[in-house]
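Trainee: To be precise about what I am sending: the file is called data_3.tsv and holds TSV, C-alpha atoms and all ligand atoms.
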chain	number	residue	atom	x	y	z
A	1	MET	CA	-57.40	-95.17	-54.95
A	2	SER	CA	-60.82	-96.64	-54.23
A	3	ILE	CA	-61.17	-99.72	-51.99
A	4	THR	CA	-62.39	-101.73	-54.99
A	5	ASN	CA	-59.29	-100.85	-56.99
A	6	ILE	CA	-57.04	-101.69	-54.05
A	7	ILE	CA	-58.71	-105.11	-53.77
A	8	ARG	CA	-58.45	-105.66	-57.53
A	9	GLU	CA	-54.78	-104.74	-57.57
A	10	ASN	CA	-53.59	-106.02	-54.24
A	11	GLY	CA	-56.03	-108.87	-53.63
A	12	TYR	CA	-57.31	-107.39	-50.39
A	13	TYR	CA	-57.81	-104.13	-48.50
A	14	SER	CA	-56.88	-103.52	-44.87
A	15	SER	CA	-57.36	-100.60	-42.54
A	16	ASN	CA	-56.62	-99.84	-38.90
A	17	ASN	CA	-58.99	-96.87	-38.96
A	18	ILE	CA	-62.37	-98.50	-39.02
A	19	ILE	CA	-62.93	-100.06	-35.63
A	20	SER	CA	-61.99	-98.33	-32.40
A	21	ASP	CA	-60.07	-99.66	-29.39
A	22	GLU	CA	-63.38	-99.63	-27.54
A	23	ASP	CA	-65.02	-101.80	-30.23
A	24	LEU	CA	-62.13	-104.23	-30.06
A	25	SER	CA	-62.22	-104.50	-26.27
A	26	GLN	CA	-65.98	-105.11	-26.35
A	27	LEU	CA	-65.48	-107.82	-28.97
A	28	ARG	CA	-62.78	-109.36	-26.79
A	29	ASN	CA	-65.01	-109.32	-23.70
A	30	PHE	CA	-67.74	-111.07	-25.66
A	31	ILE	CA	-65.30	-113.75	-26.84
A	32	ASP	CA	-63.96	-114.20	-23.28
A	33	LEU	CA	-67.50	-114.93	-22.06
A	34	LYS	CA	-68.08	-117.41	-24.88
A	35	LEU	CA	-64.73	-119.11	-24.26
A	36	LYS	CA	-65.83	-119.74	-20.68
A	37	GLU	CA	-69.04	-121.23	-22.01
A	38	PHE	CA	-67.32	-123.43	-24.63
A	39	PRO	CA	-63.73	-123.92	-23.47
A	40	ASN	CA	-61.09	-125.52	-25.74
A	41	LYS	CA	-63.48	-125.97	-28.62
A	42	ASN	CA	-63.87	-124.90	-32.20
A	43	PHE	CA	-67.19	-123.12	-32.59
A	44	ARG	CA	-69.09	-120.63	-34.71
A	45	LEU	CA	-71.78	-118.25	-33.56
A	46	TYR	CA	-74.46	-116.66	-35.71
A	47	GLU	CA	-76.99	-113.87	-35.64
A	48	ASP	CA	-79.07	-114.86	-32.59
A	49	SER	CA	-76.00	-114.92	-30.38
A	50	PHE	CA	-75.13	-111.31	-31.20
A	51	LYS	CA	-78.19	-109.62	-29.66
A	52	ASN	CA	-77.23	-106.77	-27.33
A	53	THR	CA	-73.55	-107.08	-28.18
A	54	VAL	CA	-71.24	-104.70	-30.02
A	55	ILE	CA	-71.68	-106.83	-33.18
A	56	ASP	CA	-75.36	-105.93	-33.20
A	57	ASP	CA	-74.73	-102.29	-32.31
A	58	LYS	CA	-75.87	-99.78	-34.93
A	59	LYS	CA	-72.78	-97.59	-34.68
A	60	PHE	CA	-70.50	-100.57	-35.18
A	61	GLU	CA	-72.58	-101.81	-38.10
A	62	ASP	CA	-72.59	-98.34	-39.69
A	63	LYS	CA	-68.79	-98.26	-39.78
A	64	ILE	CA	-68.70	-101.58	-41.58
A	65	ASN	CA	-71.56	-100.69	-43.91
A	66	LYS	CA	-69.79	-97.51	-44.94
A	67	ILE	CA	-66.97	-99.42	-46.64
A	68	ILE	CA	-69.36	-102.10	-47.91
A	69	SER	CA	-71.61	-99.58	-49.65
A	70	GLU	CA	-68.59	-97.92	-51.24
A	71	VAL	CA	-67.50	-101.24	-52.72
A	72	LEU	CA	-71.03	-102.21	-53.79
A	73	ARG	CA	-71.44	-98.88	-55.55
A	74	ASP	CA	-68.09	-99.24	-57.35
A	75	ASN	CA	-69.17	-102.67	-58.52
A	76	ASN	CA	-72.44	-101.29	-59.90
A	77	ILE	CA	-74.53	-103.06	-57.29
A	78	ASN	CA	-77.29	-100.69	-56.32
A	79	ASP	CA	-80.22	-101.10	-53.97
A	80	TYR	CA	-78.88	-104.18	-52.24
A	81	LYS	CA	-80.67	-104.03	-48.90
A	82	LYS	CA	-80.18	-107.51	-47.44
A	83	PRO	CA	-78.55	-107.66	-44.00
A	84	ASN	CA	-74.94	-108.80	-43.75
A	85	TYR	CA	-74.27	-112.43	-42.92
A	86	LYS	CA	-72.14	-112.49	-39.77
A	87	VAL	CA	-70.23	-115.38	-38.31
A	88	LEU	CA	-68.05	-115.37	-35.24
A	89	ARG	CA	-65.46	-118.07	-35.59
A	90	VAL	CA	-63.40	-119.39	-32.70
A	91	VAL	CA	-60.67	-121.98	-33.07
A	92	SER	CA	-59.24	-123.39	-29.87
A	93	GLY	CA	-58.02	-126.65	-28.36
A	94	VAL	CA	-56.72	-129.91	-29.79
A	95	GLN	CA	-59.18	-129.97	-32.68
A	96	GLN	CA	-57.93	-126.66	-34.11
A	97	LYS	CA	-56.05	-128.42	-36.93
A	98	LYS	CA	-59.37	-129.52	-38.42
A	99	GLN	CA	-60.15	-125.86	-39.06
A	100	ALA	CA	-56.92	-125.07	-40.94
A	101	TYR	CA	-56.25	-125.23	-44.69
A	102	LEU	CA	-59.97	-125.38	-45.51
A	103	TYR	CA	-59.62	-123.54	-48.81
A	104	HIS	CA	-62.97	-122.37	-50.16
A	105	PHE	CA	-64.85	-119.69	-52.08
A	106	ASP	CA	-67.58	-117.83	-50.18
A	107	ALA	CA	-71.15	-117.54	-51.42
A	108	HIS	CA	-71.08	-113.77	-50.84
A	109	LEU	CA	-69.14	-111.32	-52.99
A	110	ILE	CA	-67.61	-109.33	-50.12
A	111	THR	CA	-65.89	-110.82	-47.11
A	112	ILE	CA	-64.74	-108.72	-44.18
A	113	LEU	CA	-62.52	-110.29	-41.56
A	114	ILE	CA	-62.05	-108.68	-38.17
A	115	PRO	CA	-59.41	-110.40	-36.05
A	116	ILE	CA	-60.31	-110.33	-32.35
A	117	ILE	CA	-57.87	-112.77	-30.75
A	118	ILE	CA	-54.80	-113.83	-32.72
A	119	PRO	CA	-51.99	-115.80	-31.11
A	120	ASN	CA	-48.40	-114.62	-31.21
A	121	ASN	CA	-46.46	-117.88	-31.15
A	122	LYS	CA	-42.76	-117.89	-31.94
A	123	SER	CA	-43.33	-121.05	-34.00
A	124	GLY	CA	-45.26	-118.87	-36.47
A	125	LYS	CA	-48.41	-120.99	-36.09
A	126	ASN	CA	-50.78	-118.08	-35.65
A	127	GLY	CA	-53.61	-118.85	-38.06
A	128	ASP	CA	-52.40	-116.56	-40.86
A	129	LEU	CA	-54.91	-115.84	-43.58
A	130	VAL	CA	-54.11	-117.14	-47.07
A	131	ILE	CA	-55.77	-115.66	-50.12
A	132	PHE	CA	-55.50	-116.56	-53.78
A	133	PRO	CA	-57.20	-113.37	-54.93
A	134	ASN	CA	-59.83	-113.08	-57.60
A	135	LEU	CA	-59.37	-116.52	-59.16
A	136	ARG	CA	-62.87	-116.56	-60.57
A	137	LYS	CA	-65.37	-114.06	-61.91
A	138	VAL	CA	-68.72	-113.24	-60.35
A	139	HIS	CA	-71.46	-115.34	-61.91
A	140	LYS	CA	-74.85	-116.69	-60.97
A	141	ASN	CA	-74.50	-120.11	-62.57
A	142	LEU	CA	-75.08	-122.66	-59.82
A	143	ILE	CA	-73.74	-125.60	-61.86
A	144	LEU	CA	-70.54	-123.73	-62.71
A	145	ASN	CA	-70.27	-122.82	-59.03
A	146	ILE	CA	-70.42	-126.49	-58.04
A	147	ILE	CA	-67.83	-127.43	-60.71
A	148	GLN	CA	-65.48	-124.68	-59.54
A	149	LYS	CA	-65.89	-125.74	-55.93
A	150	ILE	CA	-65.17	-129.40	-56.78
A	151	PHE	CA	-62.14	-128.32	-58.83
A	152	PHE	CA	-60.59	-126.04	-56.23
A	153	GLN	CA	-61.83	-127.29	-52.88
A	154	ASN	CA	-60.17	-130.69	-52.85
A	155	PHE	CA	-57.00	-132.25	-51.52
A	156	ILE	CA	-55.16	-132.33	-54.89
A	157	SER	CA	-55.75	-128.65	-55.66
A	158	ARG	CA	-54.82	-127.72	-52.10
A	159	THR	CA	-51.54	-129.60	-52.44
A	160	LEU	CA	-50.81	-128.08	-55.85
A	161	LEU	CA	-51.61	-124.58	-54.62
A	162	ASN	CA	-48.96	-125.07	-51.99
A	163	THR	CA	-46.22	-125.22	-54.60
A	164	LYS	CA	-44.07	-122.15	-55.17
A	165	LEU	CA	-44.87	-121.97	-58.87
A	166	LEU	CA	-48.64	-121.96	-58.47
A	167	ARG	CA	-48.44	-119.57	-55.54
A	168	LYS	CA	-46.62	-117.16	-57.81
A	169	ILE	CA	-48.97	-117.64	-60.76
A	170	PHE	CA	-52.07	-117.16	-58.62
A	171	ASN	CA	-50.68	-114.22	-56.67
A	172	TYR	CA	-50.67	-115.97	-53.27
A	173	LYS	CA	-51.11	-113.63	-50.29
A	174	LEU	CA	-50.15	-114.58	-46.75
A	175	LEU	CA	-51.58	-112.16	-44.22
A	176	LYS	CA	-50.37	-112.01	-40.64
A	177	ILE	CA	-53.64	-110.62	-39.41
A	178	LYS	CA	-53.72	-108.22	-36.48
A	179	PRO	CA	-56.52	-107.37	-34.03
A	180	GLY	CA	-57.66	-103.78	-34.55
A	181	ASN	CA	-57.39	-104.07	-38.32
A	182	VAL	CA	-60.22	-104.78	-40.70
A	183	TYR	CA	-59.52	-106.88	-43.82
A	184	MET	CA	-61.72	-106.96	-46.87
A	185	PHE	CA	-61.54	-109.09	-50.02
A	186	PHE	CA	-63.80	-110.59	-52.65
A	187	GLY	CA	-64.62	-113.85	-50.88
A	188	PHE	CA	-66.73	-115.15	-53.77
A	189	ARG	CA	-63.88	-114.65	-56.20
A	190	SER	CA	-60.92	-115.57	-53.97
A	191	LEU	CA	-59.90	-118.99	-52.73
A	192	HIS	CA	-59.03	-118.55	-49.06
A	193	ALA	CA	-58.27	-120.36	-45.82
A	194	ASN	CA	-56.43	-119.92	-42.59
A	195	LEU	CA	-53.30	-121.72	-41.47
A	196	GLU	CA	-53.08	-123.58	-38.19
A	197	ILE	CA	-52.35	-122.31	-34.69
A	198	GLU	CA	-50.65	-124.03	-31.76
A	199	THR	CA	-53.02	-126.31	-29.87
A	200	PHE	CA	-52.76	-124.26	-26.68
A	201	SER	CA	-53.71	-121.03	-28.52
A	202	THR	CA	-56.99	-119.40	-29.45
A	203	ARG	CA	-57.93	-117.63	-32.67
A	204	ALA	CA	-61.17	-115.64	-32.86
A	205	THR	CA	-62.39	-113.71	-35.88
A	206	LEU	CA	-65.58	-111.95	-36.83
A	207	LEU	CA	-66.55	-112.53	-40.46
A	208	ILE	CA	-69.01	-110.24	-42.15
A	209	HIS	CA	-70.28	-111.21	-45.59
A	210	CYS	CA	-72.28	-109.09	-47.97
A	211	TYR	CA	-74.03	-109.55	-51.32
A	212	ASP	CA	-75.21	-113.10	-51.53
A	213	VAL	CA	-74.50	-113.99	-55.16
A	214	PHE	CA	-76.96	-116.90	-55.08
A	215	GLU	CA	-79.58	-115.09	-53.01
A	216	ASN	CA	-82.41	-116.69	-54.94
A	217	SER	CA	-81.09	-120.22	-54.70
A	218	SER	CA	-82.97	-122.42	-52.27
A	219	ILE	CA	-80.18	-125.04	-52.47
A	220	VAL	CA	-77.56	-122.59	-51.23
A	221	LYS	CA	-79.93	-121.34	-48.52
A	222	MET	CA	-80.68	-124.88	-47.40
A	223	ASN	CA	-77.00	-125.75	-47.33
A	224	ARG	CA	-76.24	-122.67	-45.19
A	225	LYS	CA	-79.09	-123.45	-42.82
A	226	GLN	CA	-77.89	-127.01	-42.45
A	227	SER	CA	-74.35	-126.00	-41.55
A	228	ILE	CA	-75.66	-123.45	-39.02
A	229	ASN	CA	-77.86	-126.14	-37.41
A	230	LYS	CA	-74.94	-128.57	-37.36
A	231	GLU	CA	-72.80	-125.96	-35.63
A	232	ILE	CA	-75.49	-125.21	-33.04
A	233	LYS	CA	-75.75	-128.95	-32.33
A	234	ASN	CA	-71.94	-129.19	-32.04
A	235	ILE	CA	-71.65	-126.58	-29.35
A	236	LYS	CA	-74.56	-128.01	-27.40
A	237	VAL	CA	-72.83	-131.39	-27.08
B	301	FE	FE	-64.69	-117.72	-46.26
Take the structure in this file and express it as structure tokens.
Mentor:
Amino acid sequence: MSITNIIRENGYYSSNNIISDEDLSQLRNFIDLKLKEFPNKNFRLYEDSFKNTVIDDKKFEDKINKIISEVLRDNNINDYKKPNYKVLRVVSGVQQKKQAYLYHFDAHLITILIPIIIPNNKSGKNGDLVIFPNLRKVHKNLILNIIQKIFFQNFISRTLLNTKLLRKIFNYKLLKIKPGNVYMFFGFRSLHANLEIETFSTRATLLIHCYDVFENSSIVKMNRKQSINKEIKNIKV
């Protein structure tokens, strides 16, 4: 079965065959350095921070792009040449709770999640990934996008989506993500978030997004730029 069909049927695709042990240990080393720089903090890193690291390495990128191009092709998206949008997300310290349950739709069609450090607490608080797969269709209507975001990304919807009935109806997936695996889903179409971790733990994931659905929208671009700038300011404090 093709990756696209697996995602359509199962809500997500996962593989332990894409990144190597060497890739994972290089990713871990990079995170260890950054954790020394920003200890016990939630932070995100973007493109400029990845220079001369495994994330920027052509071989690593090729492995990821191989599955991305397969999915793009199966979704009749041809000649999409824009670079992937990469975010390294680290959750650590007492503020980690603020980063949990933030259900959202992505602006890009494809989301790839590569777990780098995932805690293994007996309490079960390990930052599991929650996906309500393919809740909405791909569209380029900015107004509809805003309405959908207001409808789904609020406290009431989050509470309702926590009920057993709605979880069943919307095909709720709870993924105990594992370093070494690569997870892929339609981030634009799927409402997703991560659960919390213990305060003394650290969760680090590399997110790779592809196919910006609103690539021509200056509002979306501005919004993205603003959140990147805010993040850069946050870690400088
Ligand atoms: Fe996301």
Trainee: Write out as JSON lines the residues of chain A that have any atom within 9 Å of an atom of ligand FE 301 (chain B), one row each with the nearest atom pair and its distance in Å to one decimal, counting all atoms listed in the file, sorted by chain and then rising number.
Mentor:
{"residue": "A:Tyr103", "atom": "CA", "partner": "B:FE301", "partner_atom": "FE", "distance": 8.1}
{"residue": "A:His104", "atom": "CA", "partner": "B:FE301", "partner_atom": "FE", "distance": 6.3}
{"residue": "A:Phe105", "atom": "CA", "partner": "B:FE301", "partner_atom": "FE", "distance": 6.1}
{"residue": "A:Asp106", "atom": "CA", "partner": "B:FE301", "partner_atom": "FE", "distance": 4.9}
{"residue": "A:Ala107", "atom": "CA", "partner": "B:FE301", "partner_atom": "FE", "distance": 8.3}
{"residue": "A:His108", "atom": "CA", "partner": "B:FE301", "partner_atom": "FE", "distance": 8.8}
{"residue": "A:Thr111", "atom": "CA", "partner": "B:FE301", "partner_atom": "FE", "distance": 7.1}
{"residue": "A:Gly187", "atom": "CA", "partner": "B:FE301", "partner_atom": "FE", "distance": 6.0}
{"residue": "A:Phe188", "atom": "CA", "partner": "B:FE301", "partner_atom": "FE", "distance": 8.2}
{"residue": "A:Ser190", "atom": "CA", "partner": "B:FE301", "partner_atom": "FE", "distance": 8.8}
{"residue": "A:Leu191", "atom": "CA", "partner": "B:FE301", "partner_atom": "FE", "distance": 8.1}
{"residue": "A:His192", "atom": "CA", "partner": "B:FE301", "partner_atom": "FE", "distance": 6.4}
{"residue": "A:Ala193", "atom": "CA", "partner": "B:FE301", "partner_atom": "FE", "distance": 7.0}
{"residue": "A:Leu207", "atom": "CA", "partner": "B:FE301", "partner_atom": "FE", "distance": 8.0}
{"residue": "A:His209", "atom": "CA", "partner": "B:FE301", "partner_atom": "FE", "distance": 8.6}
Trainee: To one decimal place, how far is CA of Ile208 (chain A) from CA of Phe155 (chain A) in Å?
Mentor: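 CA of Phe155 (chain A) lies 26.8 Å from CA of Ile208 (chain A).
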Trainee: Find the residue from A:Phe214, A:Gly11, A:Arg158, A:Leu165 that sits nearest to Leu109 (chain A); use only C-alpha atoms when measuring.
Mentor: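 Residue with the minimum atom-to-atom distance to Leu109 (chain A): A:Phe214.
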Trainee: May I have the residues within 7 Å of region 171-180 of chain A as a list in words, using only C-alpha atoms and disregarding those fewer than 4 positions away in the same chain?
Mentor: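 Final neighbour list, sorted by chain and number: Asn16, Ile19, Leu24, Pro115, Ile116, Ile117, Ile118, Asp128, Leu129, Val130, Ile131, Phe132, Pro133 and Arg167 of chain A.
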Trainee: I'd like the interatomic distance between CA of Asn134 (chain A) and CA of Gln148 (chain A), to a tenth of an Å.
Mentor: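 CA of Gln148 (chain A) lies at a distance of 13.0 Å from CA of Asn134 (chain A).
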Trainee: Which residue out of A:Ile55, A:Val94, A:Leu166, A:Leu88 has the minimum interatomic distance to Ser25 (chain A) when only C-alpha atoms are used?
Mentor: A:Ile55
Trainee: Mind giving me the straight-line distance from CA of Gln226 (chain A) to CA of Leu45 (chain A) in Å, one decimal?
Mentor: 13.9 Å
Trainee: Return the single residue from A:Tyr46, A:Tyr85, A:Phe38, A:Tyr80 that is closest to Glu61 (chain A), with distances computed using all atoms listed in the file.
Mentor: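 For Glu61 (chain A), the nearest of the candidates is A:Tyr85.
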Trainee: So, with only C-alpha atoms as the atoms that count, which of A:Val91, A:Val54, A:Ile64, A:Met1 lies closest to Asn17 (chain A)?
Mentor: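 Closest candidate: A:Ile64.
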Trainee: As lines of an AutoDock Vina configuration file, please report the centre and edge lengths, rounded to one decimal in Å, of the axis-aligned box that holds all listed atoms of region 38-54 of chain A with 5 Å of padding on each of the six sides.
Mentor:
center_x = -70.1
center_y = -115.3
center_z = -29.6
size_x = 28.0
size_y = 31.3
size_z = 22.2
Trainee: Return the single residue from A:Ile156, A:Leu113, A:Leu33, A:Ile3 that is closest to Lys66 (chain A), with distances computed using only C-alpha atoms.
Mentor: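 Smallest distance to Lys66 (chain A) is found for A:Ile3.
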Trainee: Restricting the calculation to only C-alpha atoms, which member of A:Gly93, A:Leu160, A:Lys137, A:Asn229 is positioned closest to Pro39 (chain A)?
Mentor: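 So, comparing all the options, the nearest one is A:Gly93.
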